[in-house]
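> The structure under discussion is supplied below as structure tokens; questions concerning it will follow.
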4 protein chains.
Amino acid sequence: MSDLEVQVTLIQLDNYGPWTGTLGNDREHLLQILQANIYSSIQRAFADLGGLVFFNRFDEMLAITNGITLAQHEDIKREIQHQFPVTLSMAIGVGHTPFQAQQNASKLLQRMGGAQSPTRRSVTAYERTLRLDHSHVQIMHFDIDEVTNTFTDHTSAYETSLHVMTLYTELMKLFREHQALMFFLGGDNFMGVANGLSTKEVNSVIEEYRGKNIRLKCGIGIAQTARKAAELAAENLDNIRRNGDQSILSTTKL
Amino acid sequence: MSDLEVQVTLIQLDNYGPWTGTLGNDREHLLQILQANIYSSIQRAFADLGGLVFFNRFDEMLAITNGITLAQHEDIKREIQHQFPVTLSMAIGVGHTPFQAQQNASKLLQRMGGAQSPTRRSVTAYERTLRLDHSHVQIMHFDIDEVTNTFTDHTSAYETSLHVMTLYTELMKLFREHQALMFFLGGDNFMGVANGLSTKEVNSVIEEYRGKNIRLKCGIGIAQTARKAAELAAENLDNIRRNGDQSILSTTKL
Amino acid sequence: MSDLEVQVTLIQLDNYGPWTGTLGNDREHLLQILQANIYSSIQRAFADLGGLVFFNRFDEMLAITNGITLAQHEDIKREIQHQFPVTLSMAIGVGHTPFQAQQNASKLLQRMGGAQSPTRRSVTAYERTLRLDHSHVQIMHFDIDEVTNTFTDHTSAYETSLHVMTLYTELMKLFREHQALMFFLGGDNFMGVANGLSTKEVNSVIEEYRGKNIRLKCGIGIAQTARKAAELAAENLDNIRRNGDQSILSTTKL
Amino acid sequence: MSDLEVQVTLIQLDNYGPWTGTLGNDREHLLQILQANIYSSIQRAFADLGGLVFFNRFDEMLAITNGITLAQHEDIKREIQHQFPVTLSMAIGVGHTPFQAQQNASKLLQRMGGAQSPTRRSVTAYERTLRLDHSHVQIMHFDIDEVTNTFTDHTSAYETSLHVMTLYTELMKLFREHQALMFFLGGDNFMGVANGLSTKEVNSVIEEYRGKNIRLKCGIGIAQTARKAAELAAENLDNIRRNGDQSILSTTKL
């Protein structure tokens, strides 16, 4: 499995900051609506091809795109640009770890011009794309045990958010050391992209939190596409929820 | 101004966790699309009435809803439920600080049943609503100076996100002590709801970060509605960006 | 009631035909998605203010906008343009009949430049707007009795459509003589805007079709806003469906 | 080419009429928004697989789905149902003409229960699906010459619509005799699905209208998928617009 790689696409709205300034001051609600609509459309477009997109910071999204070709990227870019009043640039990075892959994508895009460059518009940066049979992706789907019973229904909504976001940032840092990427999905759910990370390493993170009285559950899926891996991870997480005596379950289908 | 209050609405998808489990395992992309679409619709509905909604954790949103009546809340709830396959519950909280207001909203909703209760559906919890002329809201719009030049265009996309989310969590904690709420807007932008917070207190936070080589800019607006306050805050932030020698600008229009 | 008028807004996508030509040839699905999304957003924006928008021909929509001000029109135009890659122009017409009102709107817009003029962009043409207390609108909501039992479930889908569209075109022509506008809503439903039309005149149309073995039902509502009038009309249509022995019911709430 | 067939999918919202009655009377704007959103999503889902969906009557849509498998239909159904508060049923019909194919689809669906049956929910009716290499579809893209110059910019918006819809209904009837389906696309554009129709037959319709001073232009494309055929048709229509001396251009790529 060691020669399998992962493909990450960085999607960046072109010159977004300066553009928002042209909308007048009464704009924040419009930007929030626009960002949500763009993400929704991009998610659908990549998911239809087996990918998965993380909203990340909304003006810059990260997608796992194993097996999605350059031409398909161009089609999605074109489709999105015909629906929305902004253009976007993409960079396709490949690497043995998700962190490397997004790092390569970032470098490729930076070479084409800055995010706020008025001249860099609608580019697609890439060196190569990954065939599906050379691809794999390991998805970890985490949730926090009993967050509804212990937080949502007992403390205030904002304190729950503070708790969840603090944990999210900590997990980002912990898994960063393992070249894994962590994304917030909403609720108390996080999704990690973690090629090569062993169950043992995941377990040591879970154990660390158990010591702080936070019980994490983690379903893991390994497959050729992100959507398939996420499906396996969700199945495992559901099984953990039902059985209740395990913290990690992992399935590989390659 | 001391007798003016702020109204916060907690919006919670009913029984969302268990419901997602009924969608099968190949569901994460569908949930992401659904969550973005629901947020987009709710944002538009409240913004049309002068409010502003923060996506927060997507299954639980927080809105500043000064002057929006109970009947208008019911209309929005009905409209959303006719568009999407989920129901939602709302709780309207009032308080002198945003933190108190969301705390009151949280308590009111918890009394109606748990977030994952199969019997609590589509309720609206409230004790009272706030007339516009008894309302005010202070909005702080922060961004991180030069994040595009120093981060986006030089480090990897994920490292930028890690930097931004770490800062976000820290700001949540710092302002929590002042009973202010902080929300991530996307990009390198955060919005605080901070009734009663003085410019001096905001400045001390900014100074603290300057010591760590992070320069924050903050436009502040104080008005009767969230949308108007956000407009004033955006105007001030734009002025700071243009002039470059100030870190805070504040405008009050009541 | 004779001095009450109706306000109709003509909404036209600017230079739409030529613009679509710039999208490449593989575009029809994208145009259909875009048109539906634009209509959905425009409907919501006007409905939130008591109006009602008919999709008409999608690149040109007609809205009943009693009581909606010029500033509110400008806000909607701005909001739509920030969401989509097209601009749009509007013209507000006032008249004693809906036909006159849309005719006035059409003339006002034509004076600003052609629909495919590359220089006319994002204009709002108007002479005056109508205060709510000077407004009324009569909405007729028609459906075809038993179309599901007699058509949908027995002939082919396309033949049902041919039947419905033929009837629609005939009703357009018949009511045109009464200065009333007819719009297709989907299914077997039509909505007429028919200020000043008497129940007797509507009944004579229904009788004419009864002779051809087509039984029409018509709920009528008269109110200050289109949305309220449509609500009354829907209520009456539901009552007719339940009772079954009447063809027309009309309610006025001014 | 004579053994190639076309696959048409009939998409029907389940029990839609009765369901709308549960939304209260103030519902028409919500239904219009919902219908547009559902169509937009369904169009995108089928177009991503090479199909094309016509909104037809919105509660009942017709799609050309050559090469789209039963499993892919099920995926689309599931995706739509997770986004919207309605369920839908589909029937896949195959035939040598588009009319036959939709007729077969209609019969298959009727056998599963009525459109307003409370028990028929979310079914997919089919006998067989068509492999791409056994498929073809002939798409005709019509527009009315100079409708903007002669109508939109000179008569009222509603009179233009009356003109366009009258022509549409006439074309539906004329082409019905040739087993071809005609759909309104918006503006002054119609799309026909017309396997086996000769250029000569199309030309005789165009000649008939020329006698009435209405000049129609028609780009024709013949391909394995609807989207590809529509692309060829659009290319031909654009060429006719540019050159101006022809009324029909046809391209086959099989």
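In the structure tokens, the first chain shown is A, the next is B, and so on; residue numbers restart at 1 for each chain, and ligands run from 1 in the order shown.
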At most 12 Å is the cut-off: for each residue in chain B with any atom that close to an atom of chain D, write down the nearest atom pair and the distance in Å rounded to one decimal, counting only C-alpha atoms, chain first then increasing number, as CSV.

```
residue,atom,partner,partner_atom,distance
B:Trp19,CA,D:His82,CA,10.6
B:Thr20,CA,D:His82,CA,9.5
B:Gly21,CA,D:His82,CA,12.0
B:Thr22,CA,D:His82,CA,10.2
B:Leu23,CA,D:His82,CA,7.5
B:Gly24,CA,D:Arg78,CA,10.0
B:Asp26,CA,D:Asp75,CA,10.3
B:Arg27,CA,D:Glu79,CA,9.0
B:Glu28,CA,D:Glu79,CA,11.4
B:His29,CA,D:Glu79,CA,9.8
B:Leu30,CA,D:Glu79,CA,6.9
B:Leu31,CA,D:His82,CA,8.4
B:Gln32,CA,D:Gln83,CA,10.6
B:Ile33,CA,D:Gln83,CA,8.1
B:Leu34,CA,D:Gln83,CA,6.0
B:Gln35,CA,D:Gln83,CA,9.6
B:Ala36,CA,D:Gln83,CA,10.9
B:Asn37,CA,D:Gln83,CA,8.8
B:Ile38,CA,D:Gln83,CA,9.6
B:Ser41,CA,D:Ile33,CA,11.2
B:Asp75,CA,D:Asp26,CA,10.3
B:Ile76,CA,D:Leu30,CA,11.3
B:Arg78,CA,D:Leu23,CA,8.7
B:Glu79,CA,D:Leu30,CA,7.0
B:Ile80,CA,D:Leu30,CA,9.4
B:Gln81,CA,D:Pro85,CA,7.7
B:His82,CA,D:Pro85,CA,6.5
B:Gln83,CA,D:Leu34,CA,6.0
B:Phe84,CA,D:Phe84,CA,4.6
B:Pro85,CA,D:Pro85,CA,4.0
B:Val86,CA,D:Pro85,CA,7.5
B:Thr87,CA,D:Pro85,CA,9.8
```
> Could you pull out the residues in region 5-219 of chain B that DSSP calls strand (DSSP E) from the backbone, as a ChimeraX atom specification?
/B:6-13,52-54,60-64,88-95,124-126,137-144,181-186,189-193,216-219
> What lies within 8 Å of region 110-126 of chain A using only C-alpha atoms, ignoring chain neighbours under 3 positions off, as a PDB file with N, CA and C atoms, in the first residue's frame?

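As a result, out.pdb now contains:
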```pdb
ATOM      1  N   GLN A  12      -9.797  27.997  -4.384  1.00  0.00           N
ATOM      2  CA  GLN A  12      -9.676  29.340  -3.804  1.00  0.00           C
ATOM      3  C   GLN A  12     -10.514  30.331  -4.598  1.00  0.00           C
ATOM      4  N   LEU A  13     -11.365  31.084  -3.935  1.00  0.00           N
ATOM      5  CA  LEU A  13     -12.107  32.144  -4.625  1.00  0.00           C
ATOM      6  C   LEU A  13     -11.105  33.226  -5.018  1.00  0.00           C
ATOM      7  N   ASP A  14     -11.149  33.653  -6.266  1.00  0.00           N
ATOM      8  CA  ASP A  14     -10.167  34.628  -6.749  1.00  0.00           C
ATOM      9  C   ASP A  14     -10.446  36.032  -6.205  1.00  0.00           C
ATOM     10  N   ASN A  15      -9.420  36.620  -5.661  1.00  0.00           N
ATOM     11  CA  ASN A  15      -9.480  38.034  -5.291  1.00  0.00           C
ATOM     12  C   ASN A  15     -10.708  38.335  -4.437  1.00  0.00           C
ATOM     13  N   TYR A  16     -11.028  37.389  -3.561  1.00  0.00           N
ATOM     14  CA  TYR A  16     -12.316  37.449  -2.856  1.00  0.00           C
ATOM     15  C   TYR A  16     -12.402  38.634  -1.888  1.00  0.00           C
ATOM     16  N   GLY A  17     -11.352  38.835  -1.090  1.00  0.00           N
ATOM     17  CA  GLY A  17     -11.380  39.936  -0.128  1.00  0.00           C
ATOM     18  C   GLY A  17     -11.677  41.276  -0.796  1.00  0.00           C
ATOM     19  N   PRO A  18     -10.842  41.674  -1.763  1.00  0.00           N
ATOM     20  CA  PRO A  18     -11.100  42.948  -2.455  1.00  0.00           C
ATOM     21  C   PRO A  18     -12.489  42.993  -3.100  1.00  0.00           C
ATOM     22  N   GLU A  74     -11.882  21.050 -14.533  1.00  0.00           N
ATOM     23  CA  GLU A  74     -12.205  22.199 -15.389  1.00  0.00           C
ATOM     24  C   GLU A  74     -13.727  22.332 -15.555  1.00  0.00           C
ATOM     25  N   LYS A  77     -15.163  23.800 -12.374  1.00  0.00           N
ATOM     26  CA  LYS A  77     -14.825  25.225 -12.289  1.00  0.00           C
ATOM     27  C   LYS A  77     -15.753  26.043 -13.176  1.00  0.00           C
ATOM     28  N   THR A  87     -15.126  34.152  -9.630  1.00  0.00           N
ATOM     29  CA  THR A  87     -14.353  33.097 -10.287  1.00  0.00           C
ATOM     30  C   THR A  87     -13.561  32.360  -9.210  1.00  0.00           C
ATOM     31  N   LEU A  88     -13.039  31.213  -9.564  1.00  0.00           N
ATOM     32  CA  LEU A  88     -12.241  30.470  -8.591  1.00  0.00           C
ATOM     33  C   LEU A  88     -11.078  29.789  -9.282  1.00  0.00           C
ATOM     34  N   SER A  89     -10.038  29.596  -8.532  1.00  0.00           N
ATOM     35  CA  SER A  89      -8.867  28.880  -9.021  1.00  0.00           C
ATOM     36  C   SER A  89      -8.720  27.590  -8.240  1.00  0.00           C
ATOM     37  N   MET A  90      -8.091  26.626  -8.878  1.00  0.00           N
ATOM     38  CA  MET A  90      -7.879  25.338  -8.229  1.00  0.00           C
ATOM     39  C   MET A  90      -6.428  24.918  -8.391  1.00  0.00           C
ATOM     40  N   ALA A  91      -5.960  24.128  -7.443  1.00  0.00           N
ATOM     41  CA  ALA A  91      -4.653  23.498  -7.590  1.00  0.00           C
ATOM     42  C   ALA A  91      -4.783  22.061  -7.118  1.00  0.00           C
ATOM     43  N   ILE A  92      -4.261  21.165  -7.918  1.00  0.00           N
ATOM     44  CA  ILE A  92      -4.327  19.739  -7.609  1.00  0.00           C
ATOM     45  C   ILE A  92      -2.965  19.292  -7.105  1.00  0.00           C
ATOM     46  N   GLY A  93      -2.939  18.819  -5.875  1.00  0.00           N
ATOM     47  CA  GLY A  93      -1.677  18.339  -5.298  1.00  0.00           C
ATOM     48  C   GLY A  93      -1.756  16.852  -5.009  1.00  0.00           C
ATOM     49  N   ALA A 105      -0.271  21.333  -3.443  1.00  0.00           N
ATOM     50  CA  ALA A 105      -1.308  22.131  -4.099  1.00  0.00           C
ATOM     51  C   ALA A 105      -1.124  23.616  -3.792  1.00  0.00           C
ATOM     52  N   SER A 106      -0.830  23.917  -2.546  1.00  0.00           N
ATOM     53  CA  SER A 106      -0.649  25.319  -2.146  1.00  0.00           C
ATOM     54  C   SER A 106       0.503  25.962  -2.912  1.00  0.00           C
ATOM     55  N   LYS A 107       1.617  25.227  -3.012  1.00  0.00           N
ATOM     56  CA  LYS A 107       2.783  25.763  -3.739  1.00  0.00           C
ATOM     57  C   LYS A 107       2.460  25.999  -5.210  1.00  0.00           C
ATOM     58  N   THR A 129      -2.147  14.225 -12.039  1.00  0.00           N
ATOM     59  CA  THR A 129      -3.298  13.752 -11.284  1.00  0.00           C
ATOM     60  C   THR A 129      -3.128  12.261 -11.047  1.00  0.00           C
TER      61      THR A 129
ATOM     62  N   THR B 148      -3.260  37.281   3.994  1.00  0.00           N
ATOM     63  CA  THR B 148      -3.050  36.787   2.635  1.00  0.00           C
ATOM     64  C   THR B 148      -1.573  36.871   2.253  1.00  0.00           C
ATOM     65  N   ASN B 149      -0.982  38.041   2.498  1.00  0.00           N
ATOM     66  CA  ASN B 149       0.431  38.198   2.133  1.00  0.00           C
ATOM     67  C   ASN B 149       1.347  37.306   2.954  1.00  0.00           C
ATOM     68  N   THR B 152      -1.514  32.970   3.392  1.00  0.00           N
ATOM     69  CA  THR B 152      -2.126  32.290   2.244  1.00  0.00           C
ATOM     70  C   THR B 152      -1.137  32.130   1.092  1.00  0.00           C
ATOM     71  N   ASP B 153      -0.374  33.155   0.829  1.00  0.00           N
ATOM     72  CA  ASP B 153       0.511  33.091  -0.325  1.00  0.00           C
ATOM     73  C   ASP B 153       1.894  32.536   0.001  1.00  0.00           C
ATOM     74  N   HIS B 154       2.112  32.105   1.253  1.00  0.00           N
ATOM     75  CA  HIS B 154       3.453  31.628   1.600  1.00  0.00           C
ATOM     76  C   HIS B 154       3.494  30.299   2.334  1.00  0.00           C
TER      77      HIS B 154
END
```
> Write out as JSON, numbers by chain which residues come within 7 Å of region 246-249 of chain A when counting only C-alpha atoms, dropping same-chain ones fewer than 5 positions away.
{"A": [216, 217, 218, 219, 220, 236, 240]}
> Skip Tyr158 (chain D) itself and residues of its chain fewer than 4 positions away, then list as a count of residues only all residues within 8 Å of it, counting only C-alpha atoms.
5
> Extract, using only C-alpha atoms, all DNA, RNA and protein residues at most 12 Å from His163 (chain A), discarding same-chain residues fewer than 4 positions from it, and format them as an MDAnalysis selection string.
(chainID A and resid 144 147 150:152 155:159 167:170 187:188 214) or (chainID B and resid 57 169:170 172:173 176)
> Assign secondary structure with DSSP using the backbone only, and return the residues of region 109-147 of chain B in alpha helix (DSSP H) as an MDAnalysis selection string.
chainID B and resid 109:111 147
> Of the residues A:Arg215, A:His178, A:Lys253, A:His141, which is the one nearest to Leu237 (chain A), using only C-alpha atoms?
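Closest to Leu237 (chain A), using only C-alpha atoms: A:His141.
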> Within 8 Å of region 190-197 of chain B, counting only C-alpha atoms, which residues show up once you throw out same-chain ones fewer than 4 positions away? Write them as a list in words, please.
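Counting only the stated atoms, we get Val6, His96, Thr97, Pro98, His136, Val137, Gln138, Ile139, Met140, His141, Phe142, Asp143, Tyr168, His178, Gln179, Ala180, Leu181, Met182, Phe183, Phe184, Leu185, Gly186, Glu201 and Val202 of chain B.
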> CA of Ala229 (chain A) and CA of Leu49 (chain D) are how many Å apart?
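Result for CA of Ala229 (chain A) versus CA of Leu49 (chain D): 22.3 Å, one decimal.
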